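S.K.: The structure that follows is given in the form of structure tokens.
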Amino acid sequence: MSRSILPKDNLGAFCKENNVAIKPTGTGALDGLTFAVKDVFHIAGYRTGFGNPDWIRTHDEEISTATVVDTLLGAGADMRGRTLTDELAYSLSGENFYYGTPINSAAPDRIPGGSSNGSAAAVAGRVVDFALGTDCGGSVRLPASYCGIIGLRPTHNRITTKGVIPFAPSFDVIGWFASDPIICEQVGTVLLDEPTTTFNFKRLILAMDAFALVNNSINETLKPKVEALVGQFQQTKELKVSPDGLDTWFEIFRTVQGSEIWANRKQWIEEVRPKFGPGIHERLEWASSLDSTTISSARNKHVEIKNYLTNLLAPNEVICIPTSPRVAPLRGTETDKLEVEYREQAMNLLCIAGLGGLPQITLPLADQGGLPLGLSFIGPPGSDMMLLALAVNLCDSIQSLE
């Protein structure tokens, strides 16, 4: 692989110590497009930083490149750099204690969201055409909402994660960001190895328990967009997605997630004794305290929820939910406030697709006071290309959805 030119980084979106740009290795559907890669994807000959200086210090250069990166390069895309992530990717804020916070071009005084913060910032700032992220708890969907761009979380296990640092394998997926829905769809044809399709969802399901979690001002902002969406579908119905309550689902999600994160990181943490920034330290300490009985119970409930959600949707149905309960918080917001008012409340919404292994796309269809606000669509397993077709259809008419 030959080196490409590193872009000027006026947004603080790219890594410093291990940045790398690579020219295309082939030609194809992505000819002429540029992309960036989150610092959890391995690149041959370089160390992967994982958002923490102790991690990069204690790991060697990689001997192979992540499969998904090779695939994009082979399809003609030009990799322009490696982007920042939150520490060990265990955050949704985008504020890295050691490496700083990339600029959210849509709202410069506010955070970009994490953990795929650098990738979202690079796309929102028009530095690259698209960017790779990973999404376990919401690390593509939430930054996309905060930055006013498109973000896709594919069906679980739909795209290989070979060459990507594991986080919580029960939920880990590779996702991507783009500002242009057509580019987002082009990337999908390559990574999903499927042709484009038509917008074929017939029934829109409004998840009323999800909308009930969002405060009145956000609901009022979303209301005209949702009403306009209804006209795009043959049928609409309202539904309570979680019979147990979304807060209960979140507890199950974070228990399974936390147990897997600790299982993956325990040996390294105990050997290296790394230092972590605010929020990350507390989260890992909590994950380490989970007992086997709690974990086993959560895993059993996860199986039940996944089966329930898999059977909930017909092939031509799609669920609509708010992507986030709020617009992006201000940079430097207190950690406690970020945890309770932003992370935990957002996770009540984001855990739905995670628990079900379902694809979800967030579209920049609204704003509140000039600040971006995403609206999300969750499809049945394997409906990834249909969601991308939906994005092209709706984003083409975004100005009329009022």
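Chain identifiers are assigned as A, B, and so on, following the order in which chains appear in the structure tokens; residues are numbered from 1 within each chain, and ligands are numbered from 1 in order of appearance.
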Env of Pro7 of chain A: 9 Å cut, atoms = only C-alpha atoms, seq-sep filter 4 positions within chain, self excluded. Answer as a ChimeraX atom specification.

M.R.: /A:21,80-81,127

S.K.: Can those selected residues be exported to a file as a short mmCIF file (atom, residue, chain, number, x, y, z; two decimals), in the first residue's frame so that it contains all heavy atoms?

M.R.:
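Printed below is again36.cif as written:
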```cif
data_model
loop_
_atom_site.label_atom_id
_atom_site.label_comp_id
_atom_site.auth_asym_id
_atom_site.auth_seq_id
_atom_site.Cartn_x
_atom_site.Cartn_y
_atom_site.Cartn_z
N ALA A 21 -2.21 7.89 6.06
CA ALA A 21 -3.09 8.02 4.91
C ALA A 21 -2.62 7.03 3.84
O ALA A 21 -1.41 6.84 3.66
CB ALA A 21 -3.07 9.45 4.37
N ARG A 80 -7.69 9.12 4.02
CA ARG A 80 -7.00 10.38 4.30
C ARG A 80 -6.48 10.47 5.73
O ARG A 80 -5.79 11.44 6.05
CB ARG A 80 -7.92 11.56 4.00
CG ARG A 80 -8.15 11.77 2.51
CD ARG A 80 -6.86 12.10 1.78
NE ARG A 80 -7.03 12.22 0.36
CZ ARG A 80 -7.36 13.36 -0.27
NH1 ARG A 80 -7.60 14.45 0.45
NH2 ARG A 80 -7.48 13.37 -1.57
N GLY A 81 -6.81 9.51 6.59
CA GLY A 81 -6.26 9.60 7.93
C GLY A 81 -6.99 8.74 8.94
O GLY A 81 -8.03 8.15 8.66
N VAL A 127 -14.06 17.35 5.60
CA VAL A 127 -12.67 17.00 5.35
C VAL A 127 -12.59 15.73 4.50
O VAL A 127 -11.68 15.57 3.68
CB VAL A 127 -11.91 16.80 6.68
CG1 VAL A 127 -10.46 16.41 6.43
CG2 VAL A 127 -11.98 18.07 7.52
#
```

S.K.: Do you have, as a Markdown table, the list of residues of segment 65-147 of chain A lying at most 8 Å from segment 40-59 of chain A, each with its nearest atom pair and that distance in Å to one decimal, counting only C-alpha atoms and ordered by chain then number?

M.R.:
```
| residue | atom | partner | partner_atom | distance |
| --- | --- | --- | --- | --- |
| A:Thr65 | CA | A:Ile43 | CA | 4.2 |
| A:Ala66 | CA | A:His42 | CA | 5.2 |
| A:Val69 | CA | A:Phe41 | CA | 7.9 |
| A:Leu84 | CA | A:Gly51 | CA | 6.5 |
| A:Thr85 | CA | A:Gly51 | CA | 5.1 |
| A:Asp86 | CA | A:Gly51 | CA | 5.3 |
| A:Glu87 | CA | A:Gly51 | CA | 4.2 |
| A:Leu88 | CA | A:Phe50 | CA | 5.2 |
| A:Ala89 | CA | A:Phe50 | CA | 6.9 |
| A:Asn96 | CA | A:Gly51 | CA | 7.3 |
| A:Tyr98 | CA | A:Asn52 | CA | 7.2 |
| A:Tyr99 | CA | A:Gly51 | CA | 7.6 |
```

S.K.: Atom CA of Lys162 of chain A and atom CA of Ala131 of chain A are how many Å apart?

M.R.: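 It comes out at 17.6 Å.
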
S.K.: If you run DSSP on the backbone, which residues of segment 43-168 of chain A are strand (DSSP E or B), as a list in words?

M.R.: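 Written out, the strand (DSSP E or B) residues of segment 43-168 of chain A are Ala44, Glu62, Asp78, Met79, Arg80, Gly81, Arg82, Thr83, Asn96, Gly100, Arg110, Phe130, Ala131, Leu132, Gly133, Thr134, Asp135, Ile150, Gly151, Leu152, Arg153 and Val164 of chain A.
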
S.K.: Between A:Pro181, A:Gly74, A:Gly118, A:Pro102, which has the minimum distance to Ala389 of chain A (counting only C-alpha atoms)?

M.R.: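 When distances to Ala389 of chain A are compared using only C-alpha atoms, the smallest one comes from A:Pro181.
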
S.K.: Pick the closest to Thr83 of chain A from A:Lys237, A:Arg273, A:Lys202, A:Lys38: which is it, counting only C-alpha atoms?

M.R.: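 Of the candidates, the smallest distance to Thr83 of chain A is held by A:Lys38.
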
S.K.: Restricting the calculation to only C-alpha atoms, which member of A:Ala298, A:Ala391, A:Ala106, A:Leu375 is positioned closest to Thr255 of chain A?

M.R.: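 Of A:Ala298, A:Ala391, A:Ala106, A:Leu375, the one nearest Thr255 of chain A, counting only C-alpha atoms, is A:Ala298.
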
S.K.: Can I get the residues of segment 81-144 of chain A within 12 Å of segment 312-327 of chain A, each with the closest pair of atoms and their distance in Å to one decimal, using only C-alpha atoms, sorted chain first then ascending number, as a tab-separated table?

M.R.:
```
residue	atom	partner	partner_atom	distance
A:Leu92	CA	A:Ser324	CA	11.4
A:Ala106	CA	A:Val327	CA	11.2
A:Ala107	CA	A:Val327	CA	9.8
A:Arg110	CA	A:Val327	CA	9.2
A:Ile111	CA	A:Val327	CA	9.9
A:Pro112	CA	A:Val327	CA	10.4
A:Gly113	CA	A:Val327	CA	10.3
A:Gly138	CA	A:Thr323	CA	9.3
A:Ser139	CA	A:Thr323	CA	11.6
A:Val140	CA	A:Thr323	CA	10.7
A:Arg141	CA	A:Thr323	CA	7.0
A:Leu142	CA	A:Ser324	CA	6.5
A:Pro143	CA	A:Ser324	CA	9.7
A:Ala144	CA	A:Thr323	CA	9.0
```

S.K.: If you measure from atom CA of Thr71 of chain A to atom CA of Leu191 of chain A, what distance in Å do you get, rounded to one decimal?

M.R.: 7.3 Å

S.K.: Restricting the calculation to only C-alpha atoms, which member of A:Thr362, A:Ser289, A:Gln186, A:Ser91 is positioned closest to Met385 of chain A?

M.R.: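 The shortest atom-to-atom distance to Met385 of chain A comes from A:Gln186.
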
S.K.: Find, counting only C-alpha atoms, the residue in A:Leu290, A:Val230, A:Ile205, A:Leu349 that gets nearest to Gly379 of chain A.

M.R.: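 Of the candidates, the smallest distance to Gly379 of chain A is held by A:Ile205.
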
S.K.: Neighbouring residues of segment 219-228 of chain A were defined as those with any atom within 12 Å, considering only C-alpha atoms; residues of the same chain fewer than 5 positions away were excluded. Please report them as a VMD selection string.

M.R.: chain A and resid 204 to 208 210 to 214 233 236 319 to 327 363 to 377 394 to 395 397 to 402

S.K.: Name all residues at most 12 Å from Lys266 of chain A (count only C-alpha atoms; drop same-chain ones fewer than 5 positions away) and give them as a ChimeraX atom specification.

M.R.: /A:167,258-261,271-274,284-285,287-289

S.K.: Just how far from atom CA of Thr161 of chain A is atom CA of Gly76 of chain A, in Å to one decimal?

M.R.: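 Computing the Euclidean distance for atom CA of Gly76 of chain A and atom CA of Thr161 of chain A yields 20.5 Å.
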
S.K.: Check which residues of segment 172-198 of chain A sit at most 7 Å from segment 149-154 of chain A using only C-alpha atoms, and return one row each with the closest pair of atoms and their distance in Å to one decimal, ordered by chain and rising number, as JSON lines.

M.R.:
```
{"residue": "A:Val173", "atom": "CA", "partner": "A:Pro154", "partner_atom": "CA", "distance": 6.7}
{"residue": "A:Gly175", "atom": "CA", "partner": "A:Arg153", "partner_atom": "CA", "distance": 5.0}
{"residue": "A:Trp176", "atom": "CA", "partner": "A:Leu152", "partner_atom": "CA", "distance": 5.7}
{"residue": "A:Phe177", "atom": "CA", "partner": "A:Gly151", "partner_atom": "CA", "distance": 4.6}
{"residue": "A:Ala178", "atom": "CA", "partner": "A:Ile150", "partner_atom": "CA", "distance": 5.4}
{"residue": "A:Ser179", "atom": "CA", "partner": "A:Ile149", "partner_atom": "CA", "distance": 5.0}
```

S.K.: Skipping near chain neighbours, those fewer than 6 positions away, what residues fall within 12 Å of Gly357 of chain A using only C-alpha atoms, listed as a PyMOL selection string?

M.R.: chain A and resi 135-137+153-158+169-173+253+302-303+305-310+350-351+378-384

S.K.: Once DSSP has gone over the backbone, tell me which residues of segment 176-381 of chain A are in alpha helix (DSSP H), as a PyMOL selection string.

M.R.: chain A and resi 181-191+208-212+216-230+246-272+280-288+292-312+335-337+345-356

S.K.: Select, from A:Leu11, A:Asn200, A:Ala328, A:Ser296, the residue with the minimum atom-to-atom distance to Arg343 of chain A, counting only C-alpha atoms.

M.R.: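 Comparing A:Leu11, A:Asn200, A:Ala328, A:Ser296 against Arg343 of chain A, the winner is A:Ala328.
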
S.K.: Could you list, as a PDB file with C-alpha atoms, in the first residue's frame, every residue within 9 Å of Val187 of chain A, counting only C-alpha atoms and ignoring same-chain residues fewer than 3 positions away?

M.R.:
```
ATOM      1  CA  ALA A  29     -17.688   1.984  -6.853  1.00  0.00           C
ATOM      2  CA  LEU A  30     -15.832   4.405  -4.553  1.00  0.00           C
ATOM      3  CA  LEU A  72     -12.690   0.249   0.802  1.00  0.00           C
ATOM      4  CA  PHE A 130     -17.291   9.419   4.537  1.00  0.00           C
ATOM      5  CA  TRP A 176     -20.112   4.787   8.837  1.00  0.00           C
ATOM      6  CA  ILE A 182     -25.999   8.785  -2.100  1.00  0.00           C
ATOM      7  CA  ILE A 183     -22.394   8.437  -0.916  1.00  0.00           C
ATOM      8  CA  CYS A 184     -23.644   6.679   2.190  1.00  0.00           C
ATOM      9  CA  VAL A 190     -19.283  -2.143  -1.099  1.00  0.00           C
ATOM     10  CA  LEU A 191     -19.292  -3.065   2.593  1.00  0.00           C
ATOM     11  CA  LEU A 192     -22.567  -4.994   2.474  1.00  0.00           C
TER      12      LEU A 192
END
```
